[in-house]
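*Asks:* Handing over model08.csv, CSV, C-alpha atoms.
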```csv
chain,number,residue,atom,x,y,z
A,1,MET,CA,4.7,18.3,-14.9
A,2,LYS,CA,2.6,20.3,-12.4
A,3,PHE,CA,0.4,17.2,-12.1
A,4,LEU,CA,3.4,15.1,-11.4
A,5,ALA,CA,4.7,17.5,-8.8
A,6,LYS,CA,1.4,17.6,-7.0
A,7,ILE,CA,0.3,13.9,-7.0
A,8,ASN,CA,1.3,11.6,-4.3
A,9,VAL,CA,3.7,8.9,-5.5
A,10,TYR,CA,1.4,6.0,-4.3
A,11,ASN,CA,-1.6,7.6,-6.1
A,12,LEU,CA,0.4,8.0,-9.2
A,13,LEU,CA,1.5,4.4,-9.1
A,14,ILE,CA,-2.1,3.2,-8.6
A,15,PHE,CA,-3.2,5.4,-11.4
A,16,LEU,CA,-0.5,4.0,-13.7
A,17,LEU,CA,-1.3,0.4,-12.7
A,18,VAL,CA,-5.0,1.0,-13.5
A,19,ILE,CA,-4.0,2.1,-17.0
A,20,ILE,CA,-1.7,-0.9,-17.4
A,21,SER,CA,-4.4,-3.3,-16.2
A,22,PHE,CA,-7.0,-1.7,-18.5
A,23,PHE,CA,-4.8,-2.4,-21.6
A,24,GLY,CA,-4.0,-5.9,-20.4
A,25,ILE,CA,-7.6,-6.7,-19.8
A,26,ILE,CA,-8.4,-5.6,-23.3
A,27,LYS,CA,-5.7,-7.9,-24.7
A,28,PHE,CA,-6.4,-11.0,-22.7
A,29,GLY,CA,-10.1,-10.7,-21.9
A,30,ILE,CA,-12.2,-9.6,-18.9
A,31,LYS,CA,-13.1,-13.1,-17.7
A,32,GLU,CA,-9.5,-14.3,-17.8
A,33,THR,CA,-7.9,-11.3,-16.0
A,34,LEU,CA,-10.3,-9.2,-14.0
A,35,PRO,CA,-11.4,-11.7,-11.4
A,36,GLN,CA,-7.8,-12.4,-10.3
A,37,LEU,CA,-6.9,-8.7,-10.3
A,38,ILE,CA,-10.0,-7.9,-8.1
A,39,ILE,CA,-9.4,-10.8,-5.7
A,40,ALA,CA,-5.8,-9.8,-5.3
A,41,VAL,CA,-6.4,-6.0,-4.8
A,42,ILE,CA,-9.4,-6.5,-2.4
A,43,THR,CA,-7.6,-9.3,-0.4
A,44,CYS,CA,-4.5,-7.2,0.0
A,45,GLY,CA,-6.4,-4.1,1.0
A,46,LEU,CA,-8.7,-5.9,3.4
A,47,ILE,CA,-6.0,-8.0,5.2
A,48,ASP,CA,-3.7,-5.0,5.6
A,49,SER,CA,-6.6,-2.9,6.9
A,50,LEU,CA,-7.5,-5.6,9.4
A,51,ILE,CA,-3.9,-5.9,10.6
A,52,ASP,CA,-3.7,-2.2,10.9
A,53,TYR,CA,-7.0,-2.0,12.8
A,54,PHE,CA,-5.9,-4.6,15.4
A,55,GLU,CA,-2.5,-3.0,15.8
A,56,PHE,CA,-3.5,0.7,16.0
A,57,ARG,CA,-7.3,0.6,16.4
A,58,ARG,CA,-7.9,2.7,13.3
A,59,PHE,CA,-9.4,1.9,9.9
A,60,ARG,CA,-7.5,2.9,6.8
A,61,VAL,CA,-6.8,1.2,3.5
A,62,SER,CA,-3.1,1.3,2.8
A,63,LYS,CA,-2.3,2.3,-0.7
A,64,SER,CA,0.9,0.2,-0.7
A,65,SER,CA,-1.2,-2.9,-0.1
A,66,VAL,CA,-3.5,-2.0,-3.0
A,67,ILE,CA,-0.3,-1.7,-5.2
A,68,THR,CA,0.8,-5.1,-3.9
A,69,GLY,CA,-2.5,-6.5,-5.0
A,70,PHE,CA,-2.2,-5.0,-8.5
A,71,PHE,CA,1.3,-6.5,-8.9
A,72,ILE,CA,0.0,-9.9,-7.8
A,73,GLY,CA,-2.9,-9.8,-10.2
A,74,LEU,CA,-0.7,-8.5,-13.1
A,75,VAL,CA,2.3,-10.8,-12.7
A,76,LEU,CA,0.5,-14.2,-12.1
A,77,SER,CA,-0.4,-15.8,-15.4
A,78,ILE,CA,-4.0,-15.3,-16.4
A,79,ASP,CA,-7.0,-17.4,-15.7
A,80,GLN,CA,-5.9,-18.4,-12.2
A,81,THR,CA,-8.1,-20.4,-9.9
A,82,TRP,CA,-9.6,-18.0,-7.4
A,83,TYR,CA,-7.6,-19.2,-4.5
A,84,VAL,CA,-4.2,-18.6,-6.1
A,85,PRO,CA,-4.4,-14.7,-6.1
A,86,LEU,CA,-6.1,-15.0,-2.7
A,87,VAL,CA,-3.4,-17.0,-1.1
A,88,ALA,CA,-0.6,-15.0,-2.8
A,89,SER,CA,-2.2,-11.8,-1.4
A,90,LEU,CA,-2.5,-13.3,2.1
A,91,ILE,CA,1.1,-14.4,2.1
A,92,ALA,CA,2.2,-11.1,0.6
A,93,VAL,CA,0.6,-8.9,3.3
A,94,CYS,CA,1.1,-11.2,6.2
A,95,GLY,CA,4.7,-11.9,5.2
A,96,LYS,CA,5.3,-8.1,5.0
A,97,HIS,CA,4.0,-7.6,8.5
A,98,ILE,CA,5.7,-10.7,10.0
A,99,GLY,CA,9.0,-9.8,8.2
A,100,GLY,CA,8.8,-6.2,9.4
A,101,PHE,CA,8.3,-7.4,12.9
A,102,LEU,CA,11.1,-9.9,12.9
A,103,MET,CA,13.5,-7.5,11.3
A,104,LYS,CA,12.7,-4.9,13.9
A,105,LYS,CA,13.1,-7.4,16.8
A,106,LEU,CA,16.1,-9.3,15.5
A,107,PHE,CA,18.1,-6.6,13.7
A,108,ASN,CA,16.5,-3.3,14.7
A,109,TYR,CA,15.9,-2.8,11.0
A,110,ASN,CA,12.8,-0.7,10.2
A,111,SER,CA,11.4,-2.5,7.1
A,112,HIS,CA,10.4,-5.8,5.7
A,113,ILE,CA,13.0,-7.4,3.4
A,114,PHE,CA,11.1,-8.9,0.5
A,115,ASN,CA,9.0,-7.3,-2.1
A,116,PRO,CA,5.6,-8.4,-0.7
A,117,ALA,CA,4.0,-9.1,-4.1
A,118,ILE,CA,6.9,-11.1,-5.4
A,119,PHE,CA,7.2,-13.0,-2.1
A,120,GLY,CA,3.5,-14.0,-2.3
A,121,ILE,CA,3.8,-15.0,-5.9
A,122,PHE,CA,7.0,-17.0,-5.3
A,123,ILE,CA,5.3,-19.0,-2.5
A,124,CYS,CA,2.3,-19.7,-4.8
A,125,LEU,CA,4.6,-20.9,-7.5
A,126,ILE,CA,5.8,-23.5,-5.0
A,127,LEU,CA,2.5,-24.3,-3.4
A,128,PHE,CA,0.3,-24.5,-6.5
A,129,ASN,CA,2.8,-25.2,-9.3
A,130,THR,CA,1.5,-22.1,-11.0
A,131,ILE,CA,3.5,-19.8,-13.2
A,132,ASP,CA,4.2,-16.1,-13.6
A,133,GLY,CA,2.7,-14.7,-16.8
A,134,TRP,CA,3.4,-10.9,-16.6
A,135,TRP,CA,0.3,-10.1,-18.6
A,136,GLY,CA,0.6,-6.5,-17.2
A,137,ALA,CA,3.7,-6.1,-19.3
A,138,THR,CA,2.1,-6.7,-22.7
A,139,ASN,CA,2.4,-3.3,-24.1
A,140,LEU,CA,6.1,-2.2,-24.4
A,141,ILE,CA,5.4,1.4,-25.4
A,142,LEU,CA,2.9,1.9,-22.6
A,143,ILE,CA,5.2,0.4,-20.1
A,144,LEU,CA,8.0,2.7,-21.2
A,145,LEU,CA,5.9,5.9,-21.3
A,146,LEU,CA,4.3,5.3,-17.9
A,147,GLY,CA,7.5,4.0,-16.5
A,148,ILE,CA,9.3,7.3,-17.4
A,149,LEU,CA,6.6,9.2,-15.5
A,150,LEU,CA,7.1,7.0,-12.5
A,151,LEU,CA,10.8,7.1,-12.5
A,152,TYR,CA,10.7,10.9,-12.8
A,153,LYS,CA,8.5,11.1,-9.8
A,154,PHE,CA,10.3,8.4,-7.9
A,155,LYS,CA,13.8,9.8,-8.8
A,156,ARG,CA,15.0,6.3,-9.5
A,157,PHE,CA,16.3,6.5,-13.1
A,158,HIS,CA,19.8,5.6,-11.8
A,159,LEU,CA,18.6,2.3,-10.3
A,160,THR,CA,16.6,1.2,-13.4
A,161,LEU,CA,19.3,2.3,-15.8
A,162,THR,CA,22.1,0.6,-13.9
A,163,PHE,CA,20.1,-2.6,-13.8
A,164,LEU,CA,19.2,-2.5,-17.5
A,165,ALA,CA,22.7,-1.7,-18.6
A,166,THR,CA,24.2,-4.5,-16.5
A,167,TYR,CA,21.6,-7.0,-17.6
A,168,PHE,CA,21.8,-6.1,-21.3
A,169,ILE,CA,25.6,-6.2,-21.3
A,170,LEU,CA,25.9,-9.5,-19.6
A,171,SER,CA,23.1,-11.0,-21.7
A,172,LEU,CA,24.9,-9.9,-24.8
A,173,VAL,CA,28.1,-11.6,-23.5
A,174,PHE,CA,26.0,-14.8,-23.1
A,175,GLY,CA,25.1,-14.5,-26.8
A,176,ASN,CA,21.6,-13.1,-26.7
A,177,ASN,CA,20.2,-11.2,-29.6
A,178,PHE,CA,20.4,-7.4,-28.9
A,179,PHE,CA,17.0,-6.5,-30.4
A,180,ASN,CA,15.2,-9.3,-28.6
A,181,LEU,CA,16.8,-8.1,-25.4
A,182,ILE,CA,15.9,-4.4,-25.7
A,183,LEU,CA,12.4,-5.1,-26.8
A,184,ASP,CA,11.6,-7.4,-23.9
A,185,SER,CA,8.7,-5.5,-22.2
A,186,THR,CA,8.7,-7.8,-19.1
A,187,ILE,CA,12.2,-6.7,-18.1
A,188,TYR,CA,11.1,-3.0,-18.3
A,189,PHE,CA,8.0,-3.7,-16.2
A,190,PHE,CA,10.1,-5.5,-13.7
A,191,SER,CA,12.9,-2.9,-13.5
A,192,ILE,CA,10.7,0.2,-13.5
A,193,PHE,CA,7.8,-0.9,-11.3
A,194,MET,CA,9.1,-3.6,-9.1
A,195,LEU,CA,12.8,-3.3,-8.6
A,196,THR,CA,12.4,0.4,-7.5
A,197,GLU,CA,10.0,-0.4,-4.7
A,198,PRO,CA,11.3,2.1,-2.0
A,199,LYS,CA,10.9,-0.1,1.1
A,200,THR,CA,12.9,-3.0,-0.4
A,201,SER,CA,15.5,-1.1,-2.3
A,202,PRO,CA,18.5,0.7,-0.7
A,203,ASN,CA,17.9,4.1,0.8
A,204,SER,CA,21.1,5.8,-0.6
A,205,PHE,CA,22.0,6.8,-4.1
A,206,ARG,CA,25.2,4.8,-4.2
A,207,GLY,CA,23.5,1.9,-2.5
A,208,ARG,CA,20.9,1.8,-5.3
A,209,ILE,CA,23.6,1.9,-8.0
A,210,ILE,CA,25.2,-1.2,-6.4
A,211,TYR,CA,21.8,-2.8,-6.1
A,212,GLY,CA,21.1,-2.2,-9.8
A,213,LEU,CA,24.5,-3.7,-10.7
A,214,LEU,CA,24.0,-6.7,-8.4
A,215,SER,CA,20.4,-7.4,-9.5
A,216,GLY,CA,21.5,-7.1,-13.2
A,217,VAL,CA,24.3,-9.6,-12.6
A,218,ILE,CA,22.2,-12.1,-10.6
A,219,ILE,CA,19.2,-12.0,-13.0
A,220,ALA,CA,21.3,-12.2,-16.2
A,221,LEU,CA,23.2,-15.2,-14.6
A,222,MET,CA,20.0,-16.9,-13.6
A,223,ILE,CA,18.5,-16.6,-17.1
A,224,ASN,CA,21.6,-17.6,-19.0
A,225,SER,CA,23.5,-20.0,-16.8
A,226,PHE,CA,22.9,-22.9,-14.3
A,227,ALA,CA,21.9,-24.9,-17.4
A,228,GLY,CA,18.7,-22.9,-17.5
A,229,LEU,CA,17.5,-24.4,-14.2
A,230,PHE,CA,16.3,-21.0,-12.9
A,231,SER,CA,15.4,-19.3,-16.2
A,232,GLY,CA,11.6,-19.5,-15.7
A,233,TYR,CA,11.9,-18.2,-12.2
A,234,SER,CA,14.7,-15.7,-12.8
A,235,LEU,CA,12.9,-12.4,-12.2
A,236,ILE,CA,11.0,-13.7,-9.1
A,237,LEU,CA,13.8,-15.5,-7.4
A,238,GLY,CA,16.4,-13.0,-8.5
A,239,LEU,CA,14.5,-10.1,-6.9
A,240,LEU,CA,14.1,-12.0,-3.7
A,241,ILE,CA,17.8,-12.8,-3.5
A,242,CYS,CA,18.6,-9.1,-4.3
A,243,ASN,CA,16.2,-8.0,-1.6
A,244,LEU,CA,18.2,-9.9,1.0
A,245,CYS,CA,21.2,-7.7,0.2
A,246,VAL,CA,19.4,-4.4,0.9
A,247,PRO,CA,19.9,-4.3,4.7
A,248,PHE,CA,23.6,-4.8,4.2
A,249,LEU,CA,23.7,-2.0,1.6
A,250,ASN,CA,21.8,0.3,4.0
A,251,LYS,CA,24.3,-0.5,6.7
A,252,LEU,CA,27.4,0.5,4.7
A,253,ASN,CA,28.2,4.0,5.8
A,254,PHE,CA,30.4,4.9,2.9
A,255,LEU,CA,27.4,4.6,0.6
A,256,HIS,CA,25.6,7.3,2.4
A,257,LYS,CA,28.3,10.0,2.0
B,1,MET,CA,25.1,-14.4,12.7
B,2,LYS,CA,23.5,-12.1,10.2
B,3,ILE,CA,25.5,-13.6,7.4
B,4,LEU,CA,24.5,-17.1,8.5
B,5,LEU,CA,20.9,-16.1,8.5
B,6,ILE,CA,21.2,-14.6,5.0
B,7,ILE,CA,23.0,-17.7,3.7
B,8,PHE,CA,20.3,-19.8,5.3
B,9,LEU,CA,17.5,-17.8,3.7
B,10,ILE,CA,19.2,-18.0,0.3
B,11,SER,CA,19.6,-21.7,0.7
B,12,VAL,CA,15.9,-22.1,1.6
B,13,LEU,CA,14.9,-20.1,-1.5
B,14,LEU,CA,17.1,-22.0,-3.8
B,15,PHE,CA,16.1,-25.4,-2.2
B,16,ALA,CA,12.4,-24.5,-2.5
B,17,CYS,CA,12.9,-23.5,-6.2
B,18,ALA,CA,15.0,-26.5,-7.0
B,19,ARG,CA,12.4,-28.7,-5.3
B,20,ASN,CA,9.7,-27.2,-7.3
B,21,ILE,CA,11.6,-27.7,-10.5
B,22,THR,CA,12.3,-31.3,-9.5
B,23,GLU,CA,8.6,-31.9,-8.8
B,24,ASN,CA,7.8,-30.4,-12.1
B,25,GLU,CA,10.1,-32.9,-13.7
B,26,GLN,CA,8.0,-35.7,-12.3
B,27,ASN,CA,4.6,-34.2,-13.0
B,28,ILE,CA,3.5,-33.2,-16.4
B,29,PRO,CA,1.5,-30.0,-16.3
B,30,SER,CA,4.6,-28.2,-15.1
B,31,GLY,CA,7.3,-29.7,-17.1
B,32,GLU,CA,8.1,-33.4,-17.1
B,33,ILE,CA,11.5,-34.2,-18.5
B,34,LYS,CA,10.4,-37.4,-20.1
B,35,GLU,CA,12.5,-38.9,-22.7
B,36,THR,CA,11.3,-42.0,-24.4
B,37,VAL,CA,13.1,-44.1,-27.0
B,38,GLN,CA,10.7,-46.2,-28.9
B,39,GLU,CA,11.4,-49.4,-30.9
B,40,PRO,CA,12.6,-48.5,-34.4
B,41,ILE,CA,9.8,-47.9,-36.8
B,42,ASN,CA,10.8,-48.4,-40.4
B,43,GLY,CA,14.4,-48.2,-39.3
B,44,GLU,CA,13.9,-44.9,-37.4
B,45,ASN,CA,14.4,-44.5,-33.7
B,46,VAL,CA,11.7,-42.3,-32.2
B,47,LYS,CA,12.8,-40.0,-29.4
B,48,GLU,CA,9.9,-38.5,-27.5
B,49,PHE,CA,10.2,-35.5,-25.2
B,50,ASN,CA,7.7,-33.7,-23.1
B,51,MET,CA,8.1,-30.0,-23.0
B,52,VAL,CA,6.4,-27.1,-21.2
B,53,ILE,CA,6.7,-23.6,-22.5
B,54,GLU,CA,6.7,-20.9,-19.9
B,55,HIS,CA,6.9,-17.1,-20.2
B,56,ARG,CA,10.7,-17.1,-20.1
B,57,ALA,CA,11.8,-20.7,-20.5
B,58,TYR,CA,11.4,-24.1,-22.1
B,59,THR,CA,11.3,-26.9,-19.5
B,60,PRO,CA,13.4,-28.8,-20.1
B,61,ASN,CA,15.7,-26.7,-22.3
B,62,SER,CA,18.2,-29.2,-23.7
B,63,PHE,CA,17.5,-32.3,-25.9
B,64,THR,CA,20.0,-34.8,-27.3
B,65,VAL,CA,19.2,-37.2,-30.1
B,66,LYS,CA,21.2,-39.2,-32.6
B,67,LYS,CA,21.4,-38.3,-36.3
B,68,GLY,CA,18.6,-40.0,-38.1
B,69,ASP,CA,16.3,-40.3,-35.0
B,70,LYS,CA,12.7,-39.2,-35.4
B,71,VAL,CA,12.2,-36.4,-32.8
B,72,ARG,CA,8.8,-36.0,-31.3
B,73,PHE,CA,8.0,-33.1,-28.9
B,74,LEU,CA,4.8,-33.4,-26.9
B,75,ALA,CA,4.5,-29.7,-26.0
B,76,ILE,CA,2.1,-27.7,-23.9
B,77,ALA,CA,2.0,-24.1,-22.9
B,78,ALA,CA,2.3,-23.6,-19.1
B,79,PRO,CA,-1.0,-23.1,-17.4
B,80,GLY,CA,-2.4,-19.6,-18.1
B,81,THR,CA,0.0,-18.9,-20.9
B,82,SER,CA,-1.6,-20.4,-24.0
B,83,SER,CA,-2.8,-16.9,-24.9
B,84,HIS,CA,0.8,-15.8,-25.2
B,85,ASN,CA,1.0,-17.7,-28.4
B,86,HIS,CA,4.0,-19.8,-27.3
B,87,GLY,CA,5.6,-22.2,-29.8
B,88,ILE,CA,8.6,-24.0,-31.1
B,89,THR,CA,10.9,-22.8,-33.9
B,90,ILE,CA,13.9,-24.7,-35.3
B,91,ASP,CA,15.0,-23.0,-38.5
B,92,GLU,CA,17.3,-25.8,-39.6
B,93,PHE,CA,14.5,-28.4,-39.6
B,94,ASN,CA,11.8,-26.0,-40.9
B,95,ILE,CA,9.8,-26.2,-37.6
B,96,ASN,CA,7.7,-23.3,-36.6
B,97,VAL,CA,4.6,-24.4,-34.6
B,98,ALA,CA,2.4,-22.4,-32.2
B,99,VAL,CA,1.6,-24.4,-29.0
B,100,LEU,CA,-1.8,-23.3,-27.8
B,101,LYS,CA,-2.7,-26.3,-25.8
B,102,GLU,CA,-2.3,-26.5,-22.0
B,103,ASP,CA,-3.8,-29.9,-21.5
B,104,VAL,CA,-1.1,-32.5,-20.7
B,105,ASN,CA,-3.4,-35.2,-22.0
B,106,ASN,CA,-3.7,-33.5,-25.3
B,107,PRO,CA,-0.4,-31.9,-26.1
B,108,GLU,CA,0.8,-30.4,-29.4
B,109,ILE,CA,2.8,-33.1,-31.2
B,110,ILE,CA,5.7,-31.8,-33.3
B,111,GLU,CA,7.6,-34.4,-35.2
B,112,PHE,CA,10.6,-34.3,-37.5
B,113,VAL,CA,13.6,-36.4,-38.5
B,114,ALA,CA,16.9,-35.1,-37.2
B,115,ASP,CA,18.8,-35.6,-40.4
B,116,LYS,CA,21.6,-33.1,-39.7
B,117,ALA,CA,24.2,-33.3,-36.9
B,118,GLY,CA,25.1,-30.3,-34.8
B,119,THR,CA,23.7,-28.1,-32.1
B,120,PHE,CA,20.6,-26.2,-33.0
B,121,GLU,CA,18.7,-23.4,-31.3
B,122,ILE,CA,15.1,-23.8,-30.4
B,123,TYR,CA,13.3,-20.5,-30.0
B,124,CYS,CA,9.8,-19.1,-30.0
B,125,MET,CA,9.0,-17.2,-33.1
B,126,PRO,CA,5.2,-17.6,-32.6
B,127,CYS,CA,5.6,-15.7,-29.3
B,128,TRP,CA,6.3,-12.5,-31.3
B,129,ASP,CA,3.0,-12.9,-33.2
B,130,GLY,CA,1.1,-13.0,-29.9
B,131,PRO,CA,-0.3,-10.3,-27.7
B,132,PHE,CA,3.2,-9.3,-26.4
B,133,GLY,CA,4.4,-8.8,-30.0
B,134,LYS,CA,8.1,-8.2,-30.2
B,135,GLY,CA,8.0,-7.4,-26.4
B,136,HIS,CA,7.8,-11.1,-25.6
B,137,PRO,CA,11.0,-12.3,-23.9
B,138,GLU,CA,13.1,-14.5,-26.1
B,139,ILE,CA,13.0,-18.2,-24.9
B,140,LYS,CA,15.6,-20.6,-25.9
B,141,ALA,CA,16.5,-24.3,-25.7
B,142,THR,CA,19.1,-26.4,-27.5
B,143,LEU,CA,18.7,-29.5,-29.6
B,144,VAL,CA,21.9,-31.5,-29.9
B,145,VAL,CA,22.0,-34.0,-32.8
B,146,GLU,CA,25.0,-36.4,-32.4
B,147,GLU,CA,26.6,-38.2,-35.3
```
Would you write the structure of this file as structure tokens?
*Replies:*
Amino acid sequence: MKFLAKINVYNLLIFLLVIISFFGIIKFGIKETLPQLIIAVITCGLIDSLIDYFEFRRFRVSKSSVITGFFIGLVLSIDQTWYVPLVASLIAVCGKHIGGFLMKKLFNYNSHIFNPAIFGIFICLILFNTIDGWWGATNLILILLLGILLLYKFKRFHLTLTFLATYFILSLVFGNNFFNLILDSTIYFFSIFMLTEPKTSPNSFRGRIIYGLLSGVIIALMINSFAGLFSGYSLILGLLICNLCVPFLNKLNFLHK
Amino acid sequence: MKILLIIFLISVLLFACARNITENEQNIPSGEIKETVQEPINGENVKEFNMVIEHRAYTPNSFTVKKGDKVRFLAIAAPGTSSHNHGITIDEFNINVAVLKEDVNNPEIIEFVADKAGTFEIYCMPCWDGPFGKGHPEIKATLVVEE
């Protein structure tokens, strides 16, 4: 636990994502996975550094952009053409900066809205008719073990648990099999590593509880209703819709008490 | 104003997604909803459906035939997901086939005669034998066989 107390949360997340990537690469093959992961991580790091340089005349590689790159590489289905992770990364990083700028100018809100990686992937799903494959979420036990470490460090157990409880209960109501639900590793990867992203989740404890409830409802509905129209896109589109609610939740004063 | 903007953004997102799905329906690698009824062969109507299997969904996810029809699925795994070991399982018709092909011109062909009426669940048992193991999300579709 001393290790956890000392390590920076970004470094910890990068460390965990490297481990997850390693196991995914072993399962799916180096040729099929590593190129898109490298392209995504380098593109995100490079573009973010360039923007930072032109803005502040300093050179630094932002860890959050490296994390964005990892998520893009790990969530896109494997064996992507080289330009898909590249464009997803470009859109993710540029979208983050443009979104942050617009939110500041228009609403005096100090953050971008959308999870950058998911936003970049969503645009690529539309542009290239590609698909999300979540190959980083292959190993359920690994995701849970590393996820617990991250949630402990992040102090976000309440958000993930609220989401999971809401999602599981509603999915059961829709007639899903209990064991299939609780063994779904993708939903854990999503709720532990992506839903908890600090910049795009509410900044108060109560706000995060409501956010967990809301996202659980939205995603369960998207998977199980609308005649299955959004099932394939449920996690990606669901998170983007939930992200839109975060500025409102942050504005509600009673949630901060 | 802010609410209008949020509604606008949600609309754009949903429109973009729905448009993508519609395009998919017209374009096979990502899920054409093509249903063909062929001339009866030996007294059997053949109903043919294209199907794309994604990580969390079958596209399309609902199929309707008449009792006695021969059902033919031309199924492919969505691009980059054949290694997930996707497939089609329908217990009542003893169908359990892994779909490892991604090429729309060379789909996995699954045929059977719908000799029982009712609503049947299509799910993916082969997914749980793939690299995700039991951690693969459950994917479901429905086959309706009308009297």
*Asks:* Contacts between chain B and chain A, please, where a residue of chain A counts if it comes within 8 Å (with only C-alpha atoms); show its shortest atom pair and distance in Å to one decimal, rows by chain and ascending number, as JSON lines.
*Replies:*
```
{"residue": "A:Lys27", "atom": "CA", "partner": "B:Pro131", "partner_atom": "CA", "distance": 6.6}
{"residue": "A:Phe28", "atom": "CA", "partner": "B:Ser83", "partner_atom": "CA", "distance": 7.3}
{"residue": "A:Ser77", "atom": "CA", "partner": "B:Gly80", "partner_atom": "CA", "distance": 5.1}
{"residue": "A:Ile78", "atom": "CA", "partner": "B:Gly80", "partner_atom": "CA", "distance": 4.9}
{"residue": "A:Asp79", "atom": "CA", "partner": "B:Gly80", "partner_atom": "CA", "distance": 5.6}
{"residue": "A:Gln80", "atom": "CA", "partner": "B:Gly80", "partner_atom": "CA", "distance": 7.0}
{"residue": "A:Ile126", "atom": "CA", "partner": "B:Asn20", "partner_atom": "CA", "distance": 5.8}
{"residue": "A:Asn129", "atom": "CA", "partner": "B:Ser30", "partner_atom": "CA", "distance": 6.8}
{"residue": "A:Thr130", "atom": "CA", "partner": "B:Pro79", "partner_atom": "CA", "distance": 6.9}
{"residue": "A:Ile131", "atom": "CA", "partner": "B:Pro79", "partner_atom": "CA", "distance": 7.0}
{"residue": "A:Asp132", "atom": "CA", "partner": "B:His55", "partner_atom": "CA", "distance": 7.2}
{"residue": "A:Gly133", "atom": "CA", "partner": "B:His55", "partner_atom": "CA", "distance": 5.9}
{"residue": "A:Trp134", "atom": "CA", "partner": "B:His55", "partner_atom": "CA", "distance": 8.0}
{"residue": "A:Ala137", "atom": "CA", "partner": "B:Phe132", "partner_atom": "CA", "distance": 7.8}
{"residue": "A:Thr138", "atom": "CA", "partner": "B:Phe132", "partner_atom": "CA", "distance": 4.7}
{"residue": "A:Asn139", "atom": "CA", "partner": "B:Phe132", "partner_atom": "CA", "distance": 6.5}
{"residue": "A:Leu140", "atom": "CA", "partner": "B:Gly135", "partner_atom": "CA", "distance": 5.9}
{"residue": "A:Asn180", "atom": "CA", "partner": "B:Glu138", "partner_atom": "CA", "distance": 6.1}
{"residue": "A:Leu181", "atom": "CA", "partner": "B:Pro137", "partner_atom": "CA", "distance": 7.3}
{"residue": "A:Leu183", "atom": "CA", "partner": "B:Gly135", "partner_atom": "CA", "distance": 5.0}
{"residue": "A:Asp184", "atom": "CA", "partner": "B:Gly135", "partner_atom": "CA", "distance": 4.4}
{"residue": "A:Ser185", "atom": "CA", "partner": "B:Gly135", "partner_atom": "CA", "distance": 4.7}
{"residue": "A:Thr186", "atom": "CA", "partner": "B:Pro137", "partner_atom": "CA", "distance": 7.0}
{"residue": "A:Gly228", "atom": "CA", "partner": "B:Asn61", "partner_atom": "CA", "distance": 6.8}
{"residue": "A:Leu229", "atom": "CA", "partner": "B:Ile21", "partner_atom": "CA", "distance": 7.7}
{"residue": "A:Phe230", "atom": "CA", "partner": "B:Cys17", "partner_atom": "CA", "distance": 7.9}
{"residue": "A:Ser231", "atom": "CA", "partner": "B:Ala57", "partner_atom": "CA", "distance": 5.8}
{"residue": "A:Gly232", "atom": "CA", "partner": "B:Ala57", "partner_atom": "CA", "distance": 5.0}
{"residue": "A:Leu237", "atom": "CA", "partner": "B:Leu13", "partner_atom": "CA", "distance": 7.6}
{"residue": "A:Ile241", "atom": "CA", "partner": "B:Ile10", "partner_atom": "CA", "distance": 6.6}
{"residue": "A:Leu244", "atom": "CA", "partner": "B:Ile6", "partner_atom": "CA", "distance": 6.9}
```
*Asks:* Compile the contact shell of range 154-156 of chain A as a ChimeraX atom specification: residues with an atom at most 12 Å away, counting all atoms listed in the file, same-chain residues fewer than 6 positions apart removed.
*Replies:* /A:4-5,7-10,12-13,147-148,162-163,191-198,201-209,211-212
*Asks:* Between CA of Ser89 in chain A and CA of Met103 in chain A, what is the spacing in Å?
*Replies:*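 Between CA of Met103 in chain A and CA of Ser89 in chain A the gap works out to 20.6 Å.
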*Asks:* Please determine, counting all atoms listed in the file, which residue among A:Gly95, A:Gly100, A:Ala40, A:Leu106 has the shortest atom-to-atom distance to Trp82 in chain A.
*Replies:* A:Ala40
*Asks:* Which is closer to Val113 in chain B than all the others in B:Ala75, B:Val52, B:Ile88, B:Ile95, using only C-alpha atoms?
*Replies:*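 Ranked by minimum distance to Val113 in chain B, first place goes to B:Ile95.
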*Asks:* Env of Pro116 in chain A: 9 Å cut, atoms = only C-alpha atoms, seq-sep filter 4 positions within chain, self excluded. Answer as number ranges by chain.
*Replies:* A: 65, 68, 89, 91-96, 112, 120-121
*Asks:* Box in all listed atoms of range 100-106 of chain A, axis-aligned, with 3 Å more on each side; write out centre and edge lengths in Å to one decimal as lines of an AutoDock Vina configuration file.
*Replies:*
```
center_x = 12.2
center_y = -7.4
center_z = 13.1
size_x = 13.8
size_y = 11.0
size_z = 13.4
```
*Asks:* I'd like to know which of B:Asp91, B:Asp69, B:Asp129, B:Glu147 is closest to Phe112 in chain B, using all atoms listed in the file.
*Replies:* B:Asp69
*Asks:* Pick the closest to Leu164 in chain A from A:Asn176, A:Asn115, A:Ser215, A:Ser64: which is it, counting all atoms listed in the file?
*Replies:* A:Ser215
*Asks:* Could you tell me how far CA of Ser225 in chain A lies from CA of Phe119 in chain A, in Å and to one decimal?
*Replies:* 23.0 Å
*Asks:* Tell me which protein, DNA and RNA residues are within 9 Å of Val144 in chain B, counting only C-alpha atoms, leaving out same-chain ones fewer than 5 positions away, and put them as a list in words.
*Replies:*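 The residues that qualify are Ser62, Phe63, Thr64, Val65, Lys66, Ala117, Gly118, Thr119, Phe120 and Glu121 of chain B.
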*Asks:* Calculate how many Å separate CA of Asn108 in chain A from CA of Asn243 in chain A, rounding to one decimal.
*Replies:*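 Separation between CA of Asn108 in chain A and CA of Asn243 in chain A: 17.0 Å.
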*Asks:* At a cut-off of 12 Å around the point (27.9, -11.4, -21.8) (file coordinates), what residues fall inside when counting all atoms listed in the file? I'd like the answer as a list in words.
*Replies:*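 Using all atoms listed in the file, the matching residues come out as Ala165, Thr166, Tyr167, Phe168, Ile169, Leu170, Ser171, Leu172, Val173, Phe174, Gly175, Asn176, Asn177, Phe178, Gly216, Val217, Ala220, Leu221, Ile223, Asn224 and Ser225 of chain A.
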